[in-house]
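Q: I am sharing final_35.pdb, which consists of PDB, C-alpha atoms:
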```pdb
ATOM      1  CA  GLY P  25       0.000   0.000   0.000  1.00  0.00           C
ATOM      2  CA  ASP P  26       0.907   3.667  -0.108  1.00  0.00           C
ATOM      3  CA  SER P  27       3.208   5.002   2.576  1.00  0.00           C
ATOM      4  CA  VAL P  28       5.140   8.105   3.540  1.00  0.00           C
ATOM      5  CA  THR P  29       8.334   8.154   5.573  1.00  0.00           C
ATOM      6  CA  GLN P  30       9.576  11.319   7.240  1.00  0.00           C
ATOM      7  CA  MET P  31      12.698  12.006   9.198  1.00  0.00           C
ATOM      8  CA  GLU P  32      12.150  11.769  12.913  1.00  0.00           C
ATOM      9  CA  GLY P  33      12.162  14.870  15.011  1.00  0.00           C
ATOM     10  CA  PRO P  34      12.390  17.049  16.765  1.00  0.00           C
ATOM     11  CA  VAL P  35      14.510  19.163  14.505  1.00  0.00           C
ATOM     12  CA  THR P  36      16.010  22.003  16.528  1.00  0.00           C
ATOM     13  CA  LEU P  37      17.501  25.015  14.754  1.00  0.00           C
ATOM     14  CA  SER P  38      18.567  28.537  15.471  1.00  0.00           C
ATOM     15  CA  GLU P  39      16.775  31.389  13.762  1.00  0.00           C
ATOM     16  CA  GLU P  40      17.995  32.018  10.189  1.00  0.00           C
ATOM     17  CA  ALA P  41      19.374  28.495   9.839  1.00  0.00           C
ATOM     18  CA  PHE P  42      18.700  26.367   6.758  1.00  0.00           C
ATOM     19  CA  LEU P  43      15.986  23.743   7.087  1.00  0.00           C
ATOM     20  CA  THR P  44      15.602  20.388   5.407  1.00  0.00           C
ATOM     21  CA  ILE P  45      12.974  17.847   6.418  1.00  0.00           C
ATOM     22  CA  ASN P  46      13.290  14.634   4.439  1.00  0.00           C
ATOM     23  CA  CYS P  47      10.283  12.815   3.024  1.00  0.00           C
ATOM     24  CA  THR P  48      10.215   9.705   0.860  1.00  0.00           C
ATOM     25  CA  TYR P  49       7.205   7.810  -0.363  1.00  0.00           C
ATOM     26  CA  THR P  50       5.973   4.524  -1.774  1.00  0.00           C
ATOM     27  CA  ALA P  51       2.939   4.604  -4.022  1.00  0.00           C
ATOM     28  CA  THR P  52       1.328   2.891  -6.945  1.00  0.00           C
ATOM     29  CA  GLY P  53       0.835   5.128  -9.922  1.00  0.00           C
ATOM     30  CA  TYR P  54       1.716   8.788  -9.865  1.00  0.00           C
ATOM     31  CA  PRO P  55       0.739  10.472  -6.633  1.00  0.00           C
ATOM     32  CA  SER P  56       0.276  14.114  -5.778  1.00  0.00           C
ATOM     33  CA  LEU P  57       2.499  15.184  -2.907  1.00  0.00           C
ATOM     34  CA  PHE P  58       1.825  17.614  -0.090  1.00  0.00           C
ATOM     35  CA  TRP P  59       3.302  19.249   2.933  1.00  0.00           C
ATOM     36  CA  TYR P  60       0.959  20.225   5.762  1.00  0.00           C
ATOM     37  CA  VAL P  61       1.861  22.303   8.796  1.00  0.00           C
ATOM     38  CA  GLN P  62       0.284  22.143  12.244  1.00  0.00           C
ATOM     39  CA  TYR P  63       0.993  25.104  14.499  1.00  0.00           C
ATOM     40  CA  PRO P  64       0.559  24.605  18.244  1.00  0.00           C
ATOM     41  CA  GLY P  65      -3.097  24.269  19.192  1.00  0.00           C
ATOM     42  CA  GLU P  66      -4.317  24.393  15.599  1.00  0.00           C
ATOM     43  CA  GLY P  67      -5.440  22.001  12.883  1.00  0.00           C
ATOM     44  CA  LEU P  68      -3.418  21.052   9.827  1.00  0.00           C
ATOM     45  CA  GLN P  69      -2.979  23.592   7.043  1.00  0.00           C
ATOM     46  CA  LEU P  70      -1.879  22.833   3.518  1.00  0.00           C
ATOM     47  CA  LEU P  71       1.565  24.406   3.098  1.00  0.00           C
ATOM     48  CA  LEU P  72       2.426  23.415  -0.449  1.00  0.00           C
ATOM     49  CA  LYS P  73       1.836  20.744  -3.034  1.00  0.00           C
ATOM     50  CA  ALA P  74       3.168  19.260  -6.275  1.00  0.00           C
ATOM     51  CA  THR P  75       1.078  17.168  -8.614  1.00  0.00           C
ATOM     52  CA  LYS P  76       3.644  15.775 -11.062  1.00  0.00           C
ATOM     53  CA  ALA P  77       7.306  14.876 -11.348  1.00  0.00           C
ATOM     54  CA  ASP P  78       9.794  17.767 -11.252  1.00  0.00           C
ATOM     55  CA  ASP P  79       7.131  20.206 -10.029  1.00  0.00           C
ATOM     56  CA  LYS P  80       8.258  22.525  -7.264  1.00  0.00           C
ATOM     57  CA  GLY P  81       5.740  23.572  -4.665  1.00  0.00           C
ATOM     58  CA  SER P  82       6.438  26.745  -2.717  1.00  0.00           C
ATOM     59  CA  ASN P  83       4.782  28.876  -0.074  1.00  0.00           C
ATOM     60  CA  LYS P  84       5.928  31.200   2.749  1.00  0.00           C
ATOM     61  CA  GLY P  85       9.584  30.635   1.824  1.00  0.00           C
ATOM     62  CA  PHE P  86       9.252  26.862   1.956  1.00  0.00           C
ATOM     63  CA  GLU P  87       9.955  24.743  -1.110  1.00  0.00           C
ATOM     64  CA  ALA P  88       9.762  21.095  -2.076  1.00  0.00           C
ATOM     65  CA  THR P  89      10.506  19.411  -5.402  1.00  0.00           C
ATOM     66  CA  TYR P  90       8.754  16.245  -6.581  1.00  0.00           C
ATOM     67  CA  ARG P  91      11.597  13.825  -7.366  1.00  0.00           C
ATOM     68  CA  LYS P  92      10.215  10.748  -9.047  1.00  0.00           C
ATOM     69  CA  GLU P  93      13.611   9.089  -9.508  1.00  0.00           C
ATOM     70  CA  THR P  94      14.297   9.168  -5.773  1.00  0.00           C
ATOM     71  CA  THR P  95      10.620   9.060  -4.681  1.00  0.00           C
ATOM     72  CA  SER P  96      11.269  12.073  -2.489  1.00  0.00           C
ATOM     73  CA  PHE P  97       9.663  15.388  -1.609  1.00  0.00           C
ATOM     74  CA  HIS P  98      12.013  17.057   0.848  1.00  0.00           C
ATOM     75  CA  LEU P  99      10.918  20.301   2.481  1.00  0.00           C
ATOM     76  CA  GLU P 100      13.433  23.165   2.553  1.00  0.00           C
ATOM     77  CA  LYS P 101      13.612  26.725   3.763  1.00  0.00           C
ATOM     78  CA  GLY P 102      16.637  28.953   3.477  1.00  0.00           C
ATOM     79  CA  SER P 103      16.190  30.911   6.703  1.00  0.00           C
ATOM     80  CA  VAL P 104      13.793  29.737   9.404  1.00  0.00           C
ATOM     81  CA  GLN P 105      12.051  31.959  11.916  1.00  0.00           C
ATOM     82  CA  VAL P 106      10.797  31.279  15.420  1.00  0.00           C
ATOM     83  CA  SER P 107       7.256  31.460  14.013  1.00  0.00           C
ATOM     84  CA  ASP P 108       8.014  28.416  11.827  1.00  0.00           C
ATOM     85  CA  SER P 109       8.038  26.223  14.930  1.00  0.00           C
ATOM     86  CA  ALA P 110       5.365  23.624  14.223  1.00  0.00           C
ATOM     87  CA  VAL P 111       4.834  20.015  13.198  1.00  0.00           C
ATOM     88  CA  TYR P 112       5.226  19.326   9.483  1.00  0.00           C
ATOM     89  CA  PHE P 113       3.475  16.418   7.767  1.00  0.00           C
ATOM     90  CA  CYS P 114       4.346  15.005   4.378  1.00  0.00           C
ATOM     91  CA  ALA P 115       1.436  13.368   2.562  1.00  0.00           C
ATOM     92  CA  LEU P 116       0.525  11.777  -0.722  1.00  0.00           C
ATOM     93  CA  SER P 117      -2.664  11.213  -2.648  1.00  0.00           C
ATOM     94  CA  THR P 118      -3.078   8.784  -5.488  1.00  0.00           C
ATOM     95  CA  GLY P 119      -6.578   9.614  -6.684  1.00  0.00           C
ATOM     96  CA  GLY P 120      -8.290   6.670  -8.266  1.00  0.00           C
ATOM     97  CA  GLY P 121     -11.676   7.959  -7.258  1.00  0.00           C
ATOM     98  CA  SER P 122     -10.568   9.142  -3.837  1.00  0.00           C
ATOM     99  CA  TYR P 123      -7.968  11.749  -2.996  1.00  0.00           C
ATOM    100  CA  ILE P 124      -7.887  10.959   0.691  1.00  0.00           C
ATOM    101  CA  PRO P 125      -4.242  11.519   1.631  1.00  0.00           C
ATOM    102  CA  THR P 126      -1.813   9.183   3.331  1.00  0.00           C
ATOM    103  CA  PHE P 127       0.224  11.034   5.954  1.00  0.00           C
ATOM    104  CA  GLY P 128       3.693  10.621   7.350  1.00  0.00           C
ATOM    105  CA  ARG P 129       4.237  10.667  11.115  1.00  0.00           C
ATOM    106  CA  GLY P 130       5.077  14.345  11.238  1.00  0.00           C
ATOM    107  CA  THR P 131       8.316  16.115  12.099  1.00  0.00           C
ATOM    108  CA  SER P 132       8.437  18.637  14.898  1.00  0.00           C
ATOM    109  CA  LEU P 133      10.494  21.756  14.174  1.00  0.00           C
ATOM    110  CA  ILE P 134      11.692  23.938  17.032  1.00  0.00           C
ATOM    111  CA  VAL P 135      13.366  27.219  16.149  1.00  0.00           C
ATOM    112  CA  HIS P 136      15.242  29.112  18.867  1.00  0.00           C
ATOM    113  CA  PRO P 137      15.899  32.875  18.745  1.00  0.00           C
TER     114      PRO P 137
ATOM    115  CA  SER M  24     -10.868  27.286   1.112  1.00  0.00           C
ATOM    116  CA  ALA M  25     -13.569  26.090   3.488  1.00  0.00           C
ATOM    117  CA  VAL M  26     -13.401  27.115   7.138  1.00  0.00           C
ATOM    118  CA  ILE M  27     -14.152  24.475   9.765  1.00  0.00           C
ATOM    119  CA  SER M  28     -15.223  25.171  13.337  1.00  0.00           C
ATOM    120  CA  GLN M  29     -14.549  22.212  15.588  1.00  0.00           C
ATOM    121  CA  LYS M  30     -15.517  21.873  19.225  1.00  0.00           C
ATOM    122  CA  PRO M  31     -14.727  21.201  21.935  1.00  0.00           C
ATOM    123  CA  SER M  32     -11.070  22.092  21.538  1.00  0.00           C
ATOM    124  CA  ARG M  33     -10.143  19.858  24.463  1.00  0.00           C
ATOM    125  CA  ASP M  34     -11.756  17.776  27.166  1.00  0.00           C
ATOM    126  CA  ILE M  35     -10.836  15.518  30.027  1.00  0.00           C
ATOM    127  CA  CYS M  36     -13.278  12.641  30.430  1.00  0.00           C
ATOM    128  CA  GLN M  37     -13.832   9.754  32.789  1.00  0.00           C
ATOM    129  CA  ARG M  38     -13.411   6.253  31.443  1.00  0.00           C
ATOM    130  CA  GLY M  39     -16.668   4.613  30.444  1.00  0.00           C
ATOM    131  CA  THR M  40     -18.284   7.880  29.363  1.00  0.00           C
ATOM    132  CA  SER M  41     -18.844   9.243  25.844  1.00  0.00           C
ATOM    133  CA  LEU M  42     -17.864  12.488  24.152  1.00  0.00           C
ATOM    134  CA  THR M  43     -19.401  14.019  21.032  1.00  0.00           C
ATOM    135  CA  ILE M  44     -17.242  16.211  18.824  1.00  0.00           C
ATOM    136  CA  GLN M  45     -18.842  18.645  16.397  1.00  0.00           C
ATOM    137  CA  CYS M  46     -17.611  20.098  13.127  1.00  0.00           C
ATOM    138  CA  GLN M  47     -19.337  22.921  11.305  1.00  0.00           C
ATOM    139  CA  VAL M  48     -18.210  23.919   7.799  1.00  0.00           C
ATOM    140  CA  ASP M  49     -18.912  27.320   6.289  1.00  0.00           C
ATOM    141  CA  SER M  50     -19.855  25.799   2.930  1.00  0.00           C
ATOM    142  CA  GLN M  51     -21.626  22.719   1.671  1.00  0.00           C
ATOM    143  CA  VAL M  52     -19.381  19.710   1.191  1.00  0.00           C
ATOM    144  CA  THR M  53     -20.169  16.214   0.006  1.00  0.00           C
ATOM    145  CA  MET M  54     -17.773  14.287   2.211  1.00  0.00           C
ATOM    146  CA  MET M  55     -16.369  14.940   5.647  1.00  0.00           C
ATOM    147  CA  PHE M  56     -13.554  12.941   7.149  1.00  0.00           C
ATOM    148  CA  TRP M  57     -12.684  12.087  10.727  1.00  0.00           C
ATOM    149  CA  TYR M  58      -9.102  11.408  11.807  1.00  0.00           C
ATOM    150  CA  ARG M  59      -7.335  10.357  14.976  1.00  0.00           C
ATOM    151  CA  GLN M  60      -3.860  11.637  15.759  1.00  0.00           C
ATOM    152  CA  GLN M  61      -2.238   9.691  18.575  1.00  0.00           C
ATOM    153  CA  PRO M  62       0.768  11.187  20.357  1.00  0.00           C
ATOM    154  CA  GLY M  63       3.838  10.994  18.137  1.00  0.00           C
ATOM    155  CA  GLN M  64       1.915   9.220  15.425  1.00  0.00           C
ATOM    156  CA  SER M  65       0.574  10.061  12.019  1.00  0.00           C
ATOM    157  CA  LEU M  66      -3.025  10.862  11.258  1.00  0.00           C
ATOM    158  CA  THR M  67      -5.226   7.803  10.954  1.00  0.00           C
ATOM    159  CA  LEU M  68      -8.489   8.012   9.043  1.00  0.00           C
ATOM    160  CA  ILE M  69     -11.404   6.794  11.152  1.00  0.00           C
ATOM    161  CA  ALA M  70     -14.274   7.175   8.706  1.00  0.00           C
ATOM    162  CA  THR M  71     -15.746   9.092   5.821  1.00  0.00           C
ATOM    163  CA  ALA M  72     -19.156  10.684   6.346  1.00  0.00           C
ATOM    164  CA  ASN M  73     -21.544  11.400   3.500  1.00  0.00           C
ATOM    165  CA  GLN M  74     -24.791  13.244   4.006  1.00  0.00           C
ATOM    166  CA  GLY M  75     -27.807  10.965   4.003  1.00  0.00           C
ATOM    167  CA  SER M  76     -25.968   7.673   4.290  1.00  0.00           C
ATOM    168  CA  GLU M  77     -24.050   5.676   6.860  1.00  0.00           C
ATOM    169  CA  ALA M  78     -20.424   6.527   7.370  1.00  0.00           C
ATOM    170  CA  THR M  79     -17.757   4.318   5.855  1.00  0.00           C
ATOM    171  CA  TYR M  80     -15.305   3.084   8.489  1.00  0.00           C
ATOM    172  CA  GLU M  81     -11.673   2.184   7.997  1.00  0.00           C
ATOM    173  CA  SER M  82     -10.213  -1.079   9.170  1.00  0.00           C
ATOM    174  CA  GLY M  83      -9.932  -1.145  12.947  1.00  0.00           C
ATOM    175  CA  PHE M  84     -12.771   1.313  13.585  1.00  0.00           C
ATOM    176  CA  VAL M  85     -16.385   0.340  14.201  1.00  0.00           C
ATOM    177  CA  ILE M  86     -19.641   2.226  14.336  1.00  0.00           C
ATOM    178  CA  ASP M  87     -20.492   1.138  17.873  1.00  0.00           C
ATOM    179  CA  LYS M  88     -17.312   2.755  19.184  1.00  0.00           C
ATOM    180  CA  PHE M  89     -17.271   5.806  16.905  1.00  0.00           C
ATOM    181  CA  PRO M  90     -20.820   6.613  15.793  1.00  0.00           C
ATOM    182  CA  ILE M  91     -20.989   9.447  13.275  1.00  0.00           C
ATOM    183  CA  SER M  92     -23.852  11.678  12.256  1.00  0.00           C
ATOM    184  CA  ARG M  93     -24.076  13.735   9.101  1.00  0.00           C
ATOM    185  CA  PRO M  94     -27.486  15.429   9.140  1.00  0.00           C
ATOM    186  CA  ASN M  95     -26.714  17.982   6.414  1.00  0.00           C
ATOM    187  CA  LEU M  96     -23.997  19.169   4.048  1.00  0.00           C
ATOM    188  CA  THR M  97     -22.315  21.514   6.534  1.00  0.00           C
ATOM    189  CA  PHE M  98     -22.260  19.568   9.797  1.00  0.00           C
ATOM    190  CA  SER M  99     -21.052  16.317  11.289  1.00  0.00           C
ATOM    191  CA  THR M 100     -20.453  14.807  14.707  1.00  0.00           C
ATOM    192  CA  LEU M 101     -18.180  12.034  15.916  1.00  0.00           C
ATOM    193  CA  THR M 102     -18.883  10.328  19.226  1.00  0.00           C
ATOM    194  CA  VAL M 103     -16.187   8.457  21.099  1.00  0.00           C
ATOM    195  CA  SER M 104     -18.129   5.895  23.141  1.00  0.00           C
ATOM    196  CA  ASN M 105     -17.323   4.006  26.298  1.00  0.00           C
ATOM    197  CA  MET M 106     -13.961   5.684  26.497  1.00  0.00           C
ATOM    198  CA  SER M 107     -10.765   4.192  27.846  1.00  0.00           C
ATOM    199  CA  PRO M 108      -7.343   5.822  28.336  1.00  0.00           C
ATOM    200  CA  GLU M 109      -6.278   4.339  24.990  1.00  0.00           C
ATOM    201  CA  ASP M 110      -8.736   6.719  23.320  1.00  0.00           C
ATOM    202  CA  SER M 111      -6.695   9.708  24.472  1.00  0.00           C
ATOM    203  CA  SER M 112      -5.769  11.423  21.195  1.00  0.00           C
ATOM    204  CA  ILE M 113      -6.406  14.423  19.046  1.00  0.00           C
ATOM    205  CA  TYR M 114      -9.458  14.012  16.831  1.00  0.00           C
ATOM    206  CA  LEU M 115      -9.726  16.052  13.649  1.00  0.00           C
ATOM    207  CA  CYS M 116     -12.364  16.561  11.020  1.00  0.00           C
ATOM    208  CA  SER M 117     -11.495  17.440   7.463  1.00  0.00           C
ATOM    209  CA  VAL M 118     -13.064  18.323   4.147  1.00  0.00           C
ATOM    210  CA  GLU M 119     -11.699  18.323   0.652  1.00  0.00           C
ATOM    211  CA  ASP M 120     -10.489  21.684  -0.622  1.00  0.00           C
ATOM    212  CA  GLN M 121     -12.397  21.733  -3.870  1.00  0.00           C
ATOM    213  CA  GLY M 122     -10.162  22.022  -6.892  1.00  0.00           C
ATOM    214  CA  ASN M 123      -6.972  22.404  -4.905  1.00  0.00           C
ATOM    215  CA  TYR M 124      -6.063  18.748  -4.363  1.00  0.00           C
ATOM    216  CA  GLY M 125      -5.687  19.489  -0.693  1.00  0.00           C
ATOM    217  CA  TYR M 126      -7.704  19.123   2.463  1.00  0.00           C
ATOM    218  CA  THR M 127      -8.804  21.605   5.115  1.00  0.00           C
ATOM    219  CA  PHE M 128      -8.774  20.536   8.739  1.00  0.00           C
ATOM    220  CA  GLY M 129     -10.524  21.621  11.869  1.00  0.00           C
ATOM    221  CA  SER M 130      -8.405  22.777  14.790  1.00  0.00           C
ATOM    222  CA  GLY M 131      -8.773  19.432  16.507  1.00  0.00           C
ATOM    223  CA  THR M 132     -10.158  18.120  19.780  1.00  0.00           C
ATOM    224  CA  ARG M 133      -7.562  17.060  22.340  1.00  0.00           C
ATOM    225  CA  LEU M 134      -9.150  14.271  24.368  1.00  0.00           C
ATOM    226  CA  THR M 135      -7.703  12.938  27.596  1.00  0.00           C
ATOM    227  CA  VAL M 136      -9.394   9.948  29.236  1.00  0.00           C
ATOM    228  CA  VAL M 137      -8.645   9.372  32.902  1.00  0.00           C
TER     229      VAL M 137
END
```
So, in terms of structure tokens, how does the structure I just supplied come out?

A:
Amino acid sequence: GDSVTQMEGPVTLSEEAFLTINCTYTATGYPSLFWYVQYPGEGLQLLLKATKADDKGSNKGFEATYRKETTSFHLEKGSVQVSDSAVYFCALSTGGGSYIPTFGRGTSLIVHP
Amino acid sequence: SAVISQKPSRDICQRGTSLTIQCQVDSQVTMMFWYRQQPGQSLTLIATANQGSEATYESGFVIDKFPISRPNLTFSTLTVSNMSPEDSSIYLCSVEDQGNYGYTFGSGTRLTVV
């Protein structure tokens, strides 16, 4: 079945540091890929997405590129802020009549001033 | 994107009791989804709720334990019945973000069973 594997957290960084959160996936067919963010006390929000190979999703300074050859969708940001502290979930959706996503376990990011 | 109001935001309940969680959407949606997020774990889909029909439950979840109502296209409830400490989790409702290939989530209900 479909699955998503994320790097374990927490990831702890200083403000303005470079961020990478690794995500790899296993899926039949050609999935759409997503990153969701969950700020403390809130629900999940869609951060960015990519629907086909080599697409780059971007939002709020975050980027992720759909790499079919490595089945990866790593999340990056060049300079993190304290306000980026949250849990980040990688997810995929394969369609086929239902786009209900499969989620990774989430990676907690803690950014210190 | 749709906006979801979910309540309660948190509760502490005695074992053996039941809690009903409500989600109100600001637009009409065909399907609503209920998830459980256990500490340190991924989101697990409990069931899909369509208006006017019984909910469809995922493997490992049953209607007697998690009854769902879907009386109209903007509202749904999930009840956690006969609770035990193992039911302590965050419960989230979700709807599809039409045309955006993504999903919108409620803010979650943090349930602690003592």

Q: With distances taken over all atoms listed in the file, which residue among P:Gln105, P:Asn83, P:Asn46, P:Thr94 lies nearest His136 (chain P)?

A: P:Gln105

Q: Which value, in Å to one decimal, gives the distance between CA of Ser92 (chain M) and CA of Gly65 (chain P)?

A: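 Separation between CA of Ser92 (chain M) and CA of Gly65 (chain P): 25.2 Å.
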
Q: Taking the point (5.3, 11.5, -6.5) as given in the file, collect each protein or nucleic acid residue that comes within 12 Å of it, counting only C-alpha atoms, and present the set as a count of residues only.

A: 39

Q: Find the residues of chain P in contact range of chain M, meaning any atom within 6 Å when counting all atoms listed in the file, and list them as a PyMOL selection string.

A: chain P and resi 66-68+128-129

Q: Apply the PyMOL selection byres ((chain M and resi 69) around 7) to the displayed file and report the matching residues as a count of residues only.

A: 9

Q: Report, in Å with one decimal, the straight-line distance from CA of Thr44 (chain P) to CA of Glu100 (chain P).

A: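 Atom-to-atom, CA of Thr44 (chain P) and CA of Glu100 (chain P) are spaced 4.5 Å apart.
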
Q: Leaving out Asp87 (chain M) and any residue of its chain fewer than 3 positions from it, which residues lie within 12 Å of it when counting all atoms listed in the file, given as a PyMOL selection string?

A: chain M and resi 41+78+80+83-84+90-91+101-106

Q: Between CA of Met54 (chain M) and CA of Ser24 (chain M), what is the distance in Å, rounded to a tenth?

A: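 Answer for the CA of Met54 (chain M) to CA of Ser24 (chain M) separation: 14.8 Å.
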
Q: Specify as a list in words each residue included when the PyMOL selection byres ((chain P and resi 37) around 9) is applied to this file.

A: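 With the PyMOL selection byres ((chain P and resi 37) around 9) on this model, the match is Val35, Thr36, Ser38, Glu39, Glu40, Ala41, Phe42, Leu43, Val104, Leu133, Ile134, Val135, His136 and Pro137 of chain P.
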
Q: Residue by residue, what does the PyMOL selection byres ((chain P and resi 113) around 8) grab here? Present the result as a VMD selection string.

A: chain P and resid 30 59 to 62 111 to 112 114 to 115 127 to 131

Q: May I ask which of the residues P:Glu32, P:Ser82, P:Gly102, P:Ser132 is the closest one to Pro64 (chain P), counting all atoms listed in the file?

A: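 Closest to Pro64 (chain P), using all atoms listed in the file: P:Ser132.
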
Q: N, CA, C and O atoms for region 43-55 of chain P, written as a PDB file, in the frame of the given file, could you do that?

A:
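result.pdb was written with the following content:
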```pdb
ATOM      1  N   LEU P  43      16.802  24.883   6.675  1.00  0.00           N
ATOM      2  CA  LEU P  43      15.986  23.743   7.087  1.00  0.00           C
ATOM      3  C   LEU P  43      15.832  22.740   5.955  1.00  0.00           C
ATOM      4  O   LEU P  43      15.549  23.116   4.810  1.00  0.00           O
ATOM      5  N   THR P  44      16.010  21.479   6.286  1.00  0.00           N
ATOM      6  CA  THR P  44      15.602  20.388   5.407  1.00  0.00           C
ATOM      7  C   THR P  44      14.868  19.356   6.253  1.00  0.00           C
ATOM      8  O   THR P  44      15.393  18.931   7.287  1.00  0.00           O
ATOM      9  N   ILE P  45      13.700  18.971   5.815  1.00  0.00           N
ATOM     10  CA  ILE P  45      12.974  17.847   6.418  1.00  0.00           C
ATOM     11  C   ILE P  45      12.770  16.835   5.303  1.00  0.00           C
ATOM     12  O   ILE P  45      12.123  17.126   4.294  1.00  0.00           O
ATOM     13  N   ASN P  46      13.337  15.651   5.487  1.00  0.00           N
ATOM     14  CA  ASN P  46      13.290  14.634   4.439  1.00  0.00           C
ATOM     15  C   ASN P  46      11.956  13.899   4.423  1.00  0.00           C
ATOM     16  O   ASN P  46      11.375  13.601   5.481  1.00  0.00           O
ATOM     17  N   CYS P  47      11.505  13.590   3.215  1.00  0.00           N
ATOM     18  CA  CYS P  47      10.283  12.815   3.024  1.00  0.00           C
ATOM     19  C   CYS P  47      10.472  11.920   1.813  1.00  0.00           C
ATOM     20  O   CYS P  47      10.872  12.390   0.743  1.00  0.00           O
ATOM     21  N   THR P  48      10.232  10.639   1.979  1.00  0.00           N
ATOM     22  CA  THR P  48      10.215   9.705   0.860  1.00  0.00           C
ATOM     23  C   THR P  48       8.889   8.971   0.872  1.00  0.00           C
ATOM     24  O   THR P  48       8.215   8.885   1.905  1.00  0.00           O
ATOM     25  N   TYR P  49       8.519   8.420  -0.272  1.00  0.00           N
ATOM     26  CA  TYR P  49       7.205   7.810  -0.363  1.00  0.00           C
ATOM     27  C   TYR P  49       7.249   6.518  -1.168  1.00  0.00           C
ATOM     28  O   TYR P  49       8.186   6.270  -1.943  1.00  0.00           O
ATOM     29  N   THR P  50       6.240   5.717  -0.977  1.00  0.00           N
ATOM     30  CA  THR P  50       5.973   4.524  -1.774  1.00  0.00           C
ATOM     31  C   THR P  50       4.532   4.607  -2.218  1.00  0.00           C
ATOM     32  O   THR P  50       3.637   4.808  -1.384  1.00  0.00           O
ATOM     33  N   ALA P  51       4.317   4.491  -3.516  1.00  0.00           N
ATOM     34  CA  ALA P  51       2.939   4.604  -4.022  1.00  0.00           C
ATOM     35  C   ALA P  51       2.828   3.892  -5.353  1.00  0.00           C
ATOM     36  O   ALA P  51       3.798   3.801  -6.109  1.00  0.00           O
ATOM     37  N   THR P  52       1.629   3.407  -5.621  1.00  0.00           N
ATOM     38  CA  THR P  52       1.328   2.891  -6.945  1.00  0.00           C
ATOM     39  C   THR P  52       0.868   4.065  -7.807  1.00  0.00           C
ATOM     40  O   THR P  52       0.230   4.988  -7.325  1.00  0.00           O
ATOM     41  N   GLY P  53       1.229   4.034  -9.049  1.00  0.00           N
ATOM     42  CA  GLY P  53       0.835   5.128  -9.922  1.00  0.00           C
ATOM     43  C   GLY P  53       1.641   6.386  -9.673  1.00  0.00           C
ATOM     44  O   GLY P  53       2.774   6.348  -9.191  1.00  0.00           O
ATOM     45  N   TYR P  54       1.028   7.503  -9.943  1.00  0.00           N
ATOM     46  CA  TYR P  54       1.716   8.788  -9.865  1.00  0.00           C
ATOM     47  C   TYR P  54       0.981   9.696  -8.877  1.00  0.00           C
ATOM     48  O   TYR P  54       0.016  10.369  -9.232  1.00  0.00           O
ATOM     49  N   PRO P  55       1.473   9.730  -7.659  1.00  0.00           N
ATOM     50  CA  PRO P  55       0.739  10.472  -6.633  1.00  0.00           C
ATOM     51  C   PRO P  55       0.944  11.980  -6.729  1.00  0.00           C
ATOM     52  O   PRO P  55       1.893  12.453  -7.345  1.00  0.00           O
TER      53      PRO P  55
END
```
